[in-house]
Amino acid sequence: MDRIVSSLFKVFILLFLITWLVYSLFHVTSPPPRDATAGAPKTTLPPPLDASTQPVPAPPNQTTVPVANTPVDQTAPILRAEHEQIAFEIQGAQAQGSELQVRVTAVNNGPDRMIELSSYPWTKALIYDAAGNVFRPSKIRVANVESSDLTRAMLISGVATPVVLSFTVPTVRGKPDITKIRLFELNAELYNTTQARTNSFGQHIGEIHATFRNFDVEALPK
């Protein structure tokens, strides 16, 4: 009986050793769990505000205010205009009987050029009176060059050149029936000195579109 118990005890010890050896050989230690917060982005908190630091105010709401167009006073005199570096200025308007003259000074602030003024209807050298009547010039004089249809003359740089446009207007009991010019359109073409010298006026180099308004007509006695 003692022999049987001793044998069973030895078998038990042997099985325990075998089991421990197998467990030691095949047991895999599992890695420690990852830190749950390792992959999360870190948020940097701003430093605490200093009591002496004033907070930055938020920008006010920007409101777009439409720009109002200032109306042009159509009754105000307009006596000057500048186009293509040529300054024009009304010197006056005088009428005697049925003849009315508008006197203009042209100062060329650019290179020497020839100006061409025409009394043809399509050239738009016109005046309008207070009743809306339109008149075109019967003759045009630039310096000492005068013509009844097409006037070409040189505008020398820096020289104030007189321009006189003559119109035929109606009369009442021998006096001119026009006291104010409401609109004066002065259109012209420009040519360079080479074209002027060779009389080559096929293509102009510039155009004048000057507008003047609201100046009186002085009536001269006969």
# chains A, B, ... in the order shown; residues from 1 in each chain; ligands from 1
$ residues_around --residues "Lys180 in chain A" --least-positions-apart "4" --cutoff "7 Å" --atoms "only C-alpha atoms" --output "ChimeraX atom specification"
/A:129-130,214-217
$ residues_around --residues "Leu155 in chain A" --least-positions-apart "2" --cutoff "8 Å" --atoms "only C-alpha atoms" --output "MDAnalysis selection string"
chainID A and resid 106:108 112:115 153 157 159 161
$ atom_distance --atom1 "CA of Gly206 in chain A" --atom2 "CA of Glu84 in chain A"
7.1 Å
$ closest_residue --among "A:Val104, A:Ile181, A:Leu15, A:Ala131" --to "Phe88 in chain A" --atoms "only C-alpha atoms"
A:Val104
$ residues_around --residues "Thr211 in chain A" --least-positions-apart "5" --cutoff "7 Å" --atoms "only C-alpha atoms" --output "list in words"
Ala81, Phe184, Glu185 and Leu186 of chain A
$ write_last_selection --atoms "all heavy atoms" --output "JSON list (two decimals), in the first residue's frame"
[["chain", "number", "residue", "atom", "x", "y", "z"],
["A", 81, "ALA", "N", -11.39, 124.29, -71.18],
["A", 81, "ALA", "CA", -11.32, 122.86, -71.50],
["A", 81, "ALA", "C", -9.93, 122.56, -72.01],
["A", 81, "ALA", "O", -9.27, 123.43, -72.60],
["A", 81, "ALA", "CB", -12.37, 122.47, -72.53],
["A", 184, "PHE", "N", -21.61, 125.33, -76.38],
["A", 184, "PHE", "CA", -20.69, 125.55, -77.50],
["A", 184, "PHE", "C", -19.83, 124.30, -77.64],
["A", 184, "PHE", "O", -19.07, 123.94, -76.73],
["A", 184, "PHE", "CB", -19.82, 126.79, -77.25],
["A", 184, "PHE", "CG", -18.72, 127.00, -78.25],
["A", 184, "PHE", "CD1", -18.85, 126.61, -79.58],
["A", 184, "PHE", "CD2", -17.53, 127.60, -77.85],
["A", 184, "PHE", "CE1", -17.83, 126.81, -80.49],
["A", 184, "PHE", "CE2", -16.50, 127.81, -78.77],
["A", 184, "PHE", "CZ", -16.66, 127.41, -80.08],
["A", 185, "GLU", "N", -19.97, 123.62, -78.75],
["A", 185, "GLU", "CA", -19.19, 122.42, -79.04],
["A", 185, "GLU", "C", -18.10, 122.76, -80.03],
["A", 185, "GLU", "O", -18.38, 123.28, -81.12],
["A", 185, "GLU", "CB", -20.09, 121.31, -79.61],
["A", 185, "GLU", "CG", -21.11, 120.77, -78.63],
["A", 185, "GLU", "CD", -21.95, 119.66, -79.25],
["A", 185, "GLU", "OE1", -22.03, 119.61, -80.49],
["A", 185, "GLU", "OE2", -22.52, 118.86, -78.50],
["A", 186, "LEU", "N", -16.88, 122.48, -79.66],
["A", 186, "LEU", "CA", -15.73, 122.77, -80.52],
["A", 186, "LEU", "C", -14.98, 121.47, -80.78],
["A", 186, "LEU", "O", -14.29, 120.94, -79.91],
["A", 186, "LEU", "CB", -14.79, 123.79, -79.84],
["A", 186, "LEU", "CG", -13.55, 124.19, -80.65],
["A", 186, "LEU", "CD1", -13.95, 124.87, -81.95],
["A", 186, "LEU", "CD2", -12.64, 125.10, -79.82]]
$ residues_around --residues "Asn187 in chain A" --least-positions-apart "6" --cutoff "12 Å" --atoms "only C-alpha atoms" --output "ChimeraX atom specification"
/A:81,83-84,88,115-127,136,206-212
$ atom_distance --atom1 "CA of Ala95 in chain A" --atom2 "CA of Val134 in chain A"
15.7 Å
